[in-house]
file start.cif (mmCIF, C-alpha atoms)
data_upload
loop_
_atom_site.label_atom_id
_atom_site.label_comp_id
_atom_site.auth_asym_id
_atom_site.auth_seq_id
_atom_site.Cartn_x
_atom_site.Cartn_y
_atom_site.Cartn_z
CA MET F 1306 0.00 0.00 0.00
CA LYS F 1307 1.19 3.51 -0.78
CA ASN F 1308 1.22 6.22 1.87
CA PHE F 1309 -2.06 7.97 2.62
CA VAL F 1310 -3.93 10.15 5.09
CA PHE F 1311 -7.50 9.08 5.86
CA GLU F 1312 -10.28 11.31 7.18
CA ASN F 1313 -14.07 10.96 7.32
CA ALA F 1314 -16.02 13.13 9.71
CA THR F 1315 -19.57 12.03 8.81
CA LYS F 1316 -21.53 9.99 11.34
CA VAL F 1317 -23.92 7.56 9.64
CA TYR F 1318 -27.21 6.35 11.09
CA PHE F 1319 -28.26 3.41 8.91
CA GLY F 1320 -31.36 1.26 8.81
CA GLU F 1321 -35.13 1.21 8.72
CA GLY F 1322 -36.64 3.79 11.07
CA CYS F 1323 -33.40 5.71 11.65
CA VAL F 1324 -34.95 9.10 10.81
CA LYS F 1325 -37.71 8.67 13.40
CA GLU F 1326 -35.20 7.41 15.93
CA TYR F 1327 -32.40 9.94 15.58
CA LEU F 1328 -33.43 13.15 13.74
CA SER F 1329 -35.04 14.88 16.71
CA CYS F 1330 -31.95 14.45 18.87
CA LEU F 1331 -29.65 15.57 16.06
CA ALA F 1332 -31.80 18.62 15.31
CA LYS F 1333 -31.71 19.74 18.95
CA LYS F 1334 -27.92 20.01 18.73
CA HIS F 1335 -28.25 22.75 16.08
CA GLY F 1336 -29.75 26.24 15.89
CA GLU F 1337 -33.45 26.95 15.56
CA LYS F 1338 -33.45 27.99 11.88
CA VAL F 1339 -32.92 25.17 9.41
CA LEU F 1340 -32.66 25.48 5.62
CA LEU F 1341 -34.59 22.43 4.42
CA ALA F 1342 -33.34 21.55 0.93
CA TYR F 1343 -34.86 19.06 -1.50
CA GLY F 1344 -35.51 18.43 -5.18
CA GLY F 1345 -38.59 18.33 -7.34
CA GLY F 1346 -41.08 17.40 -4.66
CA SER F 1347 -41.16 13.60 -4.73
CA ILE F 1348 -40.61 13.61 -0.96
CA LYS F 1349 -44.04 15.27 -0.62
CA LYS F 1350 -45.65 12.40 -2.54
CA ASN F 1351 -43.99 9.55 -0.67
CA GLY F 1352 -44.51 10.94 2.83
CA ILE F 1353 -40.89 11.68 3.72
CA TYR F 1354 -41.46 15.45 3.74
CA ASP F 1355 -44.34 15.20 6.22
CA GLU F 1356 -42.39 12.86 8.47
CA VAL F 1357 -39.29 15.07 8.54
CA THR F 1358 -41.05 18.42 8.94
CA ALA F 1359 -43.17 17.04 11.80
CA ILE F 1360 -40.00 15.94 13.62
CA LEU F 1361 -38.33 19.34 13.04
CA LYS F 1362 -41.38 21.27 14.25
CA ASP F 1363 -41.68 19.08 17.32
CA ALA F 1364 -38.03 19.90 18.01
CA GLY F 1365 -38.90 23.61 17.88
CA LYS F 1366 -37.18 24.36 14.59
CA GLU F 1367 -38.13 27.12 12.16
CA ILE F 1368 -38.06 25.70 8.60
CA ILE F 1369 -36.79 27.73 5.65
CA GLU F 1370 -37.69 25.88 2.45
CA PHE F 1371 -35.23 25.55 -0.41
CA SER F 1372 -36.79 23.35 -3.10
CA GLY F 1373 -36.40 22.60 -6.79
CA ILE F 1374 -32.80 21.39 -6.79
CA MET F 1375 -32.30 19.85 -10.22
CA SER F 1376 -30.53 16.62 -11.20
CA ASN F 1377 -27.44 18.53 -12.35
CA PRO F 1378 -27.32 21.34 -9.76
CA THR F 1379 -26.25 24.67 -11.19
CA TYR F 1380 -24.17 27.44 -9.71
CA ALA F 1381 -27.20 29.72 -10.05
CA LYS F 1382 -29.17 27.32 -7.83
CA VAL F 1383 -26.34 27.34 -5.30
CA LEU F 1384 -26.47 31.13 -5.15
CA GLU F 1385 -30.25 31.00 -4.73
CA GLY F 1386 -29.88 28.72 -1.73
CA ALA F 1387 -27.11 30.83 -0.25
CA LYS F 1388 -29.26 33.97 -0.51
CA LEU F 1389 -32.14 32.22 1.24
CA ALA F 1390 -29.83 31.09 4.03
CA LYS F 1391 -28.37 34.57 4.47
CA ASP F 1392 -31.67 36.46 4.24
CA HIS F 1393 -33.35 34.23 6.84
CA GLY F 1394 -30.35 33.71 9.09
CA ALA F 1395 -30.25 29.91 8.71
CA ASP F 1396 -28.19 28.20 11.39
CA TRP F 1397 -27.79 24.90 9.58
CA ILE F 1398 -28.86 22.96 6.50
CA LEU F 1399 -30.74 19.69 6.18
CA GLY F 1400 -30.73 18.16 2.70
CA ILE F 1401 -33.22 15.44 1.74
CA GLY F 1402 -32.57 13.57 -1.49
CA GLY F 1403 -29.85 12.03 -3.60
CA GLY F 1404 -26.47 13.22 -4.78
CA SER F 1405 -27.69 16.35 -6.53
CA VAL F 1406 -29.36 17.70 -3.40
CA MET F 1407 -26.38 16.80 -1.22
CA ASP F 1408 -23.87 18.33 -3.64
CA CYS F 1409 -25.88 21.52 -3.93
CA CYS F 1410 -26.18 21.77 -0.15
CA LYS F 1411 -22.40 21.48 0.32
CA ALA F 1412 -21.82 24.37 -2.06
CA VAL F 1413 -24.60 26.37 -0.38
CA SER F 1414 -23.00 25.71 3.03
CA MET F 1415 -19.91 27.50 1.73
CA ALA F 1416 -21.57 30.29 -0.25
CA ALA F 1417 -23.87 31.19 2.66
CA VAL F 1418 -20.93 32.26 4.85
CA SER F 1419 -18.21 33.27 2.36
CA GLU F 1420 -17.92 36.67 0.73
CA LYS F 1421 -15.90 35.16 -2.11
CA ASP F 1422 -17.21 33.95 -5.47
CA ILE F 1423 -17.07 30.27 -4.60
CA TRP F 1424 -17.06 29.15 -8.22
CA ASP F 1425 -13.94 31.18 -9.01
CA GLU F 1426 -12.25 30.33 -5.72
CA TYR F 1427 -13.24 26.72 -5.11
CA TRP F 1428 -14.67 25.05 -8.24
CA ALA F 1429 -12.81 26.61 -11.18
CA LYS F 1430 -9.65 25.68 -9.29
CA PRO F 1431 -8.84 23.83 -6.05
CA GLY F 1432 -9.01 26.14 -3.07
CA VAL F 1433 -8.34 26.16 0.65
CA ILE F 1434 -11.40 26.60 2.88
CA ASP F 1435 -10.20 28.81 5.75
CA PHE F 1436 -13.66 29.20 7.29
CA ASP F 1437 -16.38 26.98 8.71
CA PRO F 1438 -19.25 26.24 6.29
CA LEU F 1439 -22.78 26.12 7.67
CA PRO F 1440 -23.35 22.82 9.48
CA LEU F 1441 -24.96 20.26 7.17
CA GLY F 1442 -26.91 17.08 7.74
CA VAL F 1443 -28.43 14.85 5.07
CA ILE F 1444 -31.26 12.36 4.76
CA VAL F 1445 -30.42 10.14 1.80
CA THR F 1446 -33.23 8.88 -0.44
CA VAL F 1447 -31.33 7.58 -3.48
CA ALA F 1448 -28.40 5.16 -3.75
CA GLY F 1449 -25.85 6.38 -6.26
CA THR F 1450 -23.35 9.14 -5.65
CA GLY F 1451 -22.16 8.30 -2.14
CA SER F 1452 -22.10 12.05 -1.50
CA GLU F 1453 -23.32 11.52 2.06
CA CYS F 1454 -19.87 10.55 3.34
CA ASN F 1455 -17.53 12.92 1.58
CA GLY F 1456 -17.03 16.62 0.91
CA GLY F 1457 -17.45 16.22 -2.84
CA ALA F 1458 -19.86 18.34 -4.84
CA VAL F 1459 -20.37 18.41 -8.61
CA ILE F 1460 -21.74 21.76 -9.80
CA THR F 1461 -22.57 22.97 -13.30
CA ASN F 1462 -21.78 26.51 -14.39
CA GLU F 1463 -24.32 26.94 -17.18
CA GLU F 1464 -22.79 30.16 -18.50
CA LEU F 1465 -19.38 28.56 -18.93
CA LYS F 1466 -20.72 25.10 -19.86
CA VAL F 1467 -18.47 23.50 -17.28
CA LYS F 1468 -19.44 20.76 -14.84
CA THR F 1469 -16.85 20.33 -12.12
CA GLY F 1470 -16.49 18.35 -8.92
CA ARG F 1471 -14.35 19.19 -5.90
CA ASP F 1472 -13.97 17.33 -2.61
CA TYR F 1473 -13.39 19.45 0.49
CA PRO F 1474 -13.35 17.53 3.80
CA LYS F 1475 -14.79 20.58 5.59
CA CYS F 1476 -17.96 20.07 3.52
CA ASN F 1477 -18.55 16.54 4.77
CA PRO F 1478 -22.05 16.33 6.25
CA GLU F 1479 -21.96 16.14 10.04
CA PHE F 1480 -24.47 13.31 9.90
CA ALA F 1481 -26.20 11.12 7.32
CA LEU F 1482 -29.49 9.34 7.96
CA MET F 1483 -29.89 6.36 5.64
CA ASP F 1484 -33.16 4.42 5.72
CA PRO F 1485 -33.18 1.92 2.81
CA THR F 1486 -36.99 1.95 2.72
CA TYR F 1487 -36.78 5.60 1.64
CA THR F 1488 -35.36 4.35 -1.67
CA TYR F 1489 -38.39 2.15 -2.46
CA SER F 1490 -40.28 4.95 -4.21
CA VAL F 1491 -37.38 5.74 -6.56
CA PRO F 1492 -38.44 4.69 -10.10
CA VAL F 1493 -36.70 1.53 -11.33
CA LYS F 1494 -35.05 3.42 -14.19
CA GLN F 1495 -33.55 5.91 -11.75
CA MET F 1496 -32.50 3.12 -9.36
CA VAL F 1497 -30.67 1.36 -12.20
CA SER F 1498 -28.98 4.58 -13.28
CA GLY F 1499 -27.87 5.34 -9.73
CA SER F 1500 -26.60 1.80 -9.24
CA PHE F 1501 -24.47 2.06 -12.35
CA ASP F 1502 -23.01 5.28 -10.96
CA ILE F 1503 -21.99 3.24 -7.89
CA LEU F 1504 -20.34 0.63 -10.13
CA SER F 1505 -18.65 3.38 -12.10
CA HIS F 1506 -17.18 4.99 -8.98
CA ILE F 1507 -15.69 1.67 -7.96
CA MET F 1508 -14.30 0.91 -11.43
CA GLU F 1509 -12.79 4.40 -11.77
CA THR F 1510 -10.82 3.71 -8.59
CA TYR F 1511 -10.03 0.05 -9.29
CA PHE F 1512 -8.70 0.57 -12.82
CA SER F 1513 -5.71 2.64 -11.76
CA GLU F 1514 -2.34 2.21 -10.16
CA THR F 1515 -1.22 0.81 -7.83
CA ASP F 1516 -1.51 -2.70 -9.30
CA GLU F 1517 0.41 -4.68 -6.72
CA ASP F 1518 -1.53 -6.58 -4.06
CA ASN F 1519 -3.51 -4.12 -1.95
CA VAL F 1520 -6.54 -4.03 0.34
CA SER F 1521 -8.34 -1.35 -1.70
CA ASP F 1522 -8.55 -3.48 -4.85
CA ASP F 1523 -9.75 -6.53 -2.89
CA ILE F 1524 -12.54 -4.48 -1.31
CA SER F 1525 -13.42 -2.99 -4.71
CA GLU F 1526 -13.85 -6.43 -6.27
CA ALA F 1527 -16.20 -7.49 -3.48
CA LEU F 1528 -18.19 -4.27 -3.85
CA MET F 1529 -18.52 -4.67 -7.62
CA ARG F 1530 -19.81 -8.23 -7.23
CA ASN F 1531 -22.25 -6.97 -4.60
CA VAL F 1532 -23.59 -4.17 -6.81
CA ILE F 1533 -24.11 -6.55 -9.74
CA ARG F 1534 -25.87 -9.20 -7.63
CA ASN F 1535 -28.10 -6.81 -5.71
CA LEU F 1536 -29.05 -4.67 -8.70
CA ARG F 1537 -30.34 -7.80 -10.40
CA ALA F 1538 -32.31 -8.65 -7.24
CA ALA F 1539 -33.70 -5.11 -6.87
CA ILE F 1540 -34.89 -5.07 -10.48
CA LYS F 1541 -36.84 -8.27 -9.82
CA ASN F 1542 -38.28 -6.89 -6.57
CA PRO F 1543 -37.84 -3.14 -5.98
CA GLU F 1544 -38.87 -3.61 -2.32
CA ASP F 1545 -36.29 -6.31 -1.57
CA TYR F 1546 -34.90 -4.79 1.64
CA THR F 1547 -31.69 -6.81 1.54
CA ALA F 1548 -30.93 -5.73 -2.03
CA ARG F 1549 -31.83 -2.08 -1.48
CA SER F 1550 -29.89 -1.84 1.78
CA ASN F 1551 -26.82 -3.44 0.19
CA LEU F 1552 -26.93 -1.03 -2.77
CA PHE F 1553 -27.31 1.86 -0.32
CA TRP F 1554 -24.17 0.87 1.57
CA ASP F 1555 -22.31 0.00 -1.65
CA SER F 1556 -22.92 3.60 -2.70
CA THR F 1557 -21.41 4.94 0.52
CA MET F 1558 -18.46 2.57 0.45
CA ALA F 1559 -17.64 3.57 -3.13
CA GLU F 1560 -17.17 7.21 -2.18
CA ASN F 1561 -16.31 7.43 1.52
CA ARG F 1562 -12.61 7.46 0.52
CA ILE F 1563 -11.84 3.96 1.88
CA ILE F 1564 -11.28 2.18 -1.46
CA LYS F 1565 -9.28 5.15 -2.75
CA LEU F 1566 -6.58 4.72 -0.12
CA GLY F 1567 -3.26 4.10 -1.82
CA LYS F 1568 -4.84 4.42 -5.28
CA LYS F 1569 -4.10 6.91 -8.02
CA CYS F 1570 -7.72 6.79 -9.35
CA ASP F 1571 -8.78 7.40 -12.96
CA PHE F 1572 -12.20 9.12 -13.33
CA GLU F 1573 -11.67 9.94 -17.02
CA CYS F 1574 -15.13 8.57 -17.82
CA HIS F 1575 -16.56 10.92 -15.22
CA GLN F 1576 -14.69 13.83 -16.78
CA MET F 1577 -16.14 12.97 -20.18
CA GLU F 1578 -19.66 12.46 -18.86
CA HIS F 1579 -19.55 15.69 -16.86
CA GLN F 1580 -18.93 17.67 -20.01
CA LEU F 1581 -21.59 15.77 -21.93
CA GLY F 1582 -23.91 16.70 -19.09
CA ALA F 1583 -22.80 20.33 -19.08
CA TYR F 1584 -23.70 20.64 -22.76
CA THR F 1585 -26.77 18.37 -22.93
CA ASN F 1586 -28.01 17.85 -19.34
CA CYS F 1587 -28.07 14.09 -19.95
CA ASN F 1588 -28.60 11.63 -17.10
CA HIS F 1589 -25.31 11.02 -15.29
CA GLY F 1590 -25.52 7.27 -14.68
CA GLN F 1591 -26.86 6.61 -18.17
CA GLY F 1592 -24.09 8.67 -19.72
CA LEU F 1593 -21.50 6.66 -17.81
CA ALA F 1594 -23.09 3.42 -19.01
CA VAL F 1595 -22.66 4.51 -22.62
CA LEU F 1596 -19.05 5.59 -22.15
CA HIS F 1597 -17.46 2.94 -19.95
CA PRO F 1598 -17.28 -0.08 -22.29
CA VAL F 1599 -15.99 2.02 -25.18
CA TYR F 1600 -13.42 3.75 -22.98
CA TYR F 1601 -12.22 0.43 -21.57
CA ARG F 1602 -11.82 -1.02 -25.07
CA HIS F 1603 -9.34 1.81 -25.60
CA VAL F 1604 -7.33 1.29 -22.40
CA TYR F 1605 -7.54 -2.35 -21.31
CA LYS F 1606 -4.30 -3.39 -23.00
CA ASP F 1607 -2.45 -0.70 -21.03
CA GLY F 1608 -3.85 -2.01 -17.75
CA LEU F 1609 -3.87 -5.66 -18.71
CA THR F 1610 -3.12 -7.14 -15.28
CA LYS F 1611 -6.05 -5.36 -13.64
CA PHE F 1612 -8.47 -6.10 -16.47
CA VAL F 1613 -7.56 -9.81 -16.24
CA ARG F 1614 -8.40 -9.66 -12.52
CA PHE F 1615 -11.69 -7.93 -13.37
CA ALA F 1616 -12.69 -10.75 -15.73
CA GLU F 1617 -11.69 -13.45 -13.27
CA ASN F 1618 -12.69 -12.04 -9.86
CA VAL F 1619 -15.68 -9.83 -10.70
CA TRP F 1620 -17.35 -11.58 -13.64
CA GLN F 1621 -15.89 -15.02 -12.84
CA ILE F 1622 -15.42 -15.84 -16.51
CA PRO F 1623 -13.82 -19.24 -17.26
CA ARG F 1624 -10.30 -18.87 -18.64
CA ASP F 1625 -10.78 -21.65 -21.26
CA GLY F 1626 -7.34 -21.16 -22.77
CA LYS F 1627 -7.79 -17.45 -23.50
CA SER F 1628 -4.70 -15.26 -23.70
CA ASP F 1629 -4.43 -12.38 -21.23
CA GLU F 1630 -5.64 -9.93 -23.88
CA GLU F 1631 -8.59 -12.14 -24.84
CA PHE F 1632 -9.49 -12.73 -21.21
CA ALA F 1633 -9.29 -9.03 -20.33
CA ALA F 1634 -11.40 -8.13 -23.35
CA ALA F 1635 -14.00 -10.70 -22.27
CA GLY F 1636 -14.33 -8.85 -18.95
CA VAL F 1637 -15.03 -5.59 -20.75
CA GLU F 1638 -17.66 -7.29 -22.90
CA ALA F 1639 -19.24 -8.84 -19.79
CA LEU F 1640 -19.66 -5.28 -18.48
CA ALA F 1641 -21.22 -4.21 -21.79
CA ASP F 1642 -23.61 -7.19 -21.66
CA PHE F 1643 -24.62 -6.31 -18.09
CA ILE F 1644 -25.41 -2.75 -19.15
CA LYS F 1645 -27.78 -4.11 -21.81
CA GLU F 1646 -29.24 -6.64 -19.36
CA VAL F 1647 -30.32 -3.98 -16.85
CA GLY F 1648 -31.81 -1.76 -19.55
CA LEU F 1649 -29.30 1.09 -19.62
CA PRO F 1650 -28.59 2.94 -22.87
CA THR F 1651 -25.61 1.90 -24.95
CA THR F 1652 -25.37 4.81 -27.41
CA LEU F 1653 -25.38 8.59 -27.29
CA LYS F 1654 -28.42 8.52 -29.56
CA GLU F 1655 -30.36 6.69 -26.85
CA LEU F 1656 -29.35 9.52 -24.48
CA GLY F 1657 -30.95 12.03 -26.86
CA ILE F 1658 -27.60 13.33 -28.10
CA ASP F 1659 -27.95 13.71 -31.86
CA GLU F 1660 -25.90 15.06 -34.77
CA ASN F 1661 -26.69 18.64 -33.75
CA VAL F 1662 -24.49 18.30 -30.68
CA ASP F 1663 -20.88 19.36 -31.32
CA LEU F 1664 -18.95 16.40 -29.91
CA LYS F 1665 -15.64 17.92 -30.97
CA GLU F 1666 -16.29 20.99 -28.82
CA ILE F 1667 -17.31 18.81 -25.87
CA ALA F 1668 -14.25 16.58 -26.26
CA ALA F 1669 -11.97 19.62 -26.32
CA SER F 1670 -13.51 20.84 -23.06
CA CYS F 1671 -12.84 17.60 -21.14
CA ASN F 1672 -10.20 17.45 -18.44
CA LEU F 1673 -7.52 14.82 -18.96
CA ALA F 1674 -7.38 12.65 -15.84
CA PRO F 1675 -3.80 11.79 -14.80
CA GLY F 1676 -4.79 8.39 -13.37
CA SER F 1677 -5.76 6.69 -16.62
CA TYR F 1678 -3.78 3.61 -17.62
CA LYS F 1679 -3.40 5.22 -21.03
CA LYS F 1680 -2.39 8.85 -21.50
CA MET F 1681 -5.52 10.30 -23.05
CA THR F 1682 -5.73 13.10 -25.60
CA HIS F 1683 -8.67 15.21 -26.67
CA ALA F 1684 -8.45 13.53 -30.07
CA GLU F 1685 -8.89 10.09 -28.49
CA ILE F 1686 -11.77 11.34 -26.33
CA LEU F 1687 -13.45 12.55 -29.52
CA ALA F 1688 -12.86 9.12 -31.07
CA ILE F 1689 -14.54 7.52 -28.05
CA PHE F 1690 -17.51 9.87 -28.38
CA MET F 1691 -17.82 9.04 -32.06
CA GLU F 1692 -17.75 5.30 -31.31
CA CYS F 1693 -20.56 5.85 -28.78
CA LYS F 1694 -22.90 7.40 -31.36
#
call {"tool": "encode", "arguments": {"input": "start.cif", "output": "structure tokens"}}
result
Amino acid sequence: MKNFVFENATKVYFGEGCVKEYLSCLAKKHGEKVLLAYGGGSIKKNGIYDEVTAILKDAGKEIIEFSGIMSNPTYAKVLEGAKLAKDHGADWILGIGGGSVMDCCKAVSMAAVSEKDIWDEYWAKPGVIDFDPLPLGVIVTVAGTGSECNGGAVITNEELKVKTGRDYPKCNPEFALMDPTYTYSVPVKQMVSGSFDILSHIMETYFSETDEDNVSDDISEALMRNVIRNLRAAIKNPEDYTARSNLFWDSTMAENRIIKLGKKCDFECHQMEHQLGAYTNCNHGQGLAVLHPVYYRHVYKDGLTKFVRFAENVWQIPRDGKSDEEFAAAGVEALADFIKEVGLPTTLKELGIDENVDLKEIAASCNLAPGSYKKMTHAEILAIFMECK
């Protein structure tokens, strides 16, 4: 294992009924004015909103509503939330939702107390947070991003057409309440998309140096097998508690920094998808599903040892006399077959990205991730996009 420093400040309360059991006590530890943040209103249909607001009111909290957070949260939305928090004197933030809500809330927690332009200072480039953001707690309703246990936030600047993620430990939620039954009402299509995002996060970490024996890769292989098995089970029965709870924790484990210890990490597919999203607002998990097999066909020979392990230990493909290259390629194709099996798109056309979208411009805007097994160029990224059409 290479040297590392590990930190995770978020306290997780996991399991059925955890919101009823713990939220009141947690709320009493914070100020009386809470910025309650959520998305398009699904929590009002499934009863989560009523449950949470009743607990907050019983705890004597004044609720400031911040709703309408979109699936790709924008910097304009962040500024809207920050203004609400400032104008009403919010003492803390409680986000209810998936990764988009949590990411937006982290940025709001900074913008609400900083006089700086947080895009220029903290998203356009890495920055140093020399102040305390507003305290943040989250109630997670979607398995996918793992944003509940890190300081990462992906924000889209619509004016610049740039979608960028940064991870600041000071933005880690203080607490995360994770009741797997809260994910039951998530549409199957969205559940599948979020689950592929989990798998993507793990693969982006796994397919990178170091390649010698290490704990992180062993954990990653177990997590990938778990995501594959439990996604299949959850598709068959969306209210399979075992499957939904496993996917929920897979999501957290993929992004709570544990499997990244001692790893260089790749995340080139995420860089490419972020820019596709910045230009087209496509679904994140679906975009990753389109890109990953094509990207891996470009790089597997440069990371042959790891791709052989992927075929053997994750997909458990029989060797049957295959060469290393043939065996590694079979693992990539097993991934592609799984994407089709669970009903995810396999082309940009299926994402709604047609010939009117300038793929060359998008390719040129992508960051080049230093962790890739193969040194990528904008020309090769464009080639990957073209192969995805």
call {"tool": "closest_atom_pairs", "arguments": {"input": "start.cif", "of": "segment 1491-1511 of chain F", "to": "segment 1590-1599 of chain F", "cutoff": "9 Å", "atoms": "only C-alpha atoms", "output": "Markdown table"}}
result
| residue | atom | partner | partner_atom | distance |
| --- | --- | --- | --- | --- |
| F:Gln1495 | CA | F:Gly1590 | CA | 8.7 |
| F:Val1497 | CA | F:Gly1590 | CA | 8.2 |
| F:Ser1498 | CA | F:Gly1590 | CA | 4.6 |
| F:Gly1499 | CA | F:Gly1590 | CA | 5.8 |
| F:Ser1500 | CA | F:Gly1590 | CA | 7.8 |
| F:Phe1501 | CA | F:Gly1590 | CA | 5.8 |
| F:Asp1502 | CA | F:Gly1590 | CA | 4.9 |
| F:Ile1503 | CA | F:Gly1590 | CA | 8.6 |
| F:Ser1505 | CA | F:Leu1593 | CA | 7.2 |
call {"tool": "resolve_selection", "arguments": {"input": "start.cif", "expression": "the PyMOL selection byres ((chain F and resi 1441-1455) around 8)", "output": "ChimeraX atom specification"}}
result
/F:1313-1315,1324,1397-1404,1407-1408,1410-1411,1414,1439-1440,1456-1458,1472-1474,1476-1485,1487-1488,1491,1496,1498-1503,1552-1553,1556-1562
call {"tool": "residues_around", "arguments": {"input": "start.cif", "residues": "Lys1333 of chain F", "least_positions_apart": "2", "cutoff": "12 Å", "atoms": "only C-alpha atoms", "output": "ChimeraX atom specification"}}
result
/F:1327-1331,1335-1339,1360-1367,1396-1397
call {"tool": "atom_distance", "arguments": {"input": "start.cif", "atom1": "atom CA of Thr1510 of chain F", "atom2": "atom CA of Ser1525 of chain F"}}
result
8.2 Å
call {"tool": "resolve_selection", "arguments": {"input": "start.cif", "expression": "the PyMOL selection byres ((chain F and resi 1639-1647) around 8)", "output": "number ranges by chain"}}
result
F: 1497, 1537, 1540, 1594, 1598, 1616, 1620, 1635-1638, 1648-1651
call {"tool": "atom_distance", "arguments": {"input": "start.cif", "atom1": "atom CA of Ala1390 of chain F", "atom2": "atom CA of Asn1377 of chain F"}}
result
20.8 Å
call {"tool": "residues_around", "arguments": {"input": "start.cif", "residues": "Gly1386 of chain F", "least_positions_apart": "6", "cutoff": "10 Å", "atoms": "only C-alpha atoms", "output": "PyMOL selection string"}}
result
chain F and resi 1340-1342+1370-1372+1374+1380+1392+1409-1410+1412-1414+1416-1417
call {"tool": "resolve_selection", "arguments": {"input": "start.cif", "expression": "the PyMOL selection byres ((chain F and resi 1569-1579) around 7)", "output": "ChimeraX atom specification"}}
result
/F:1468,1509-1510,1512-1515,1565,1567-1568,1580-1583,1589,1592-1593,1596-1597,1671-1677
call {"tool": "residues_around", "arguments": {"input": "start.cif", "residues": "Pro1543 of chain F", "least_positions_apart": "5", "cutoff": "8 Å", "atoms": "all atoms listed in the file", "output": "PDB file with C-alpha atoms, in the frame of the given file"}}
result
ATOM      1  CA  TYR F1489     -38.390   2.150  -2.460  1.00  0.00           C
ATOM      2  CA  VAL F1493     -36.700   1.530 -11.330  1.00  0.00           C
ATOM      3  CA  ALA F1538     -32.310  -8.650  -7.240  1.00  0.00           C
ATOM      4  CA  ARG F1549     -31.830  -2.080  -1.480  1.00  0.00           C
TER       5      ARG F1549
END
call {"tool": "atom_distance", "arguments": {"input": "start.cif", "atom1": "atom CA of Glu1426 of chain F", "atom2": "atom CA of Lys1388 of chain F"}}
result
18.2 Å
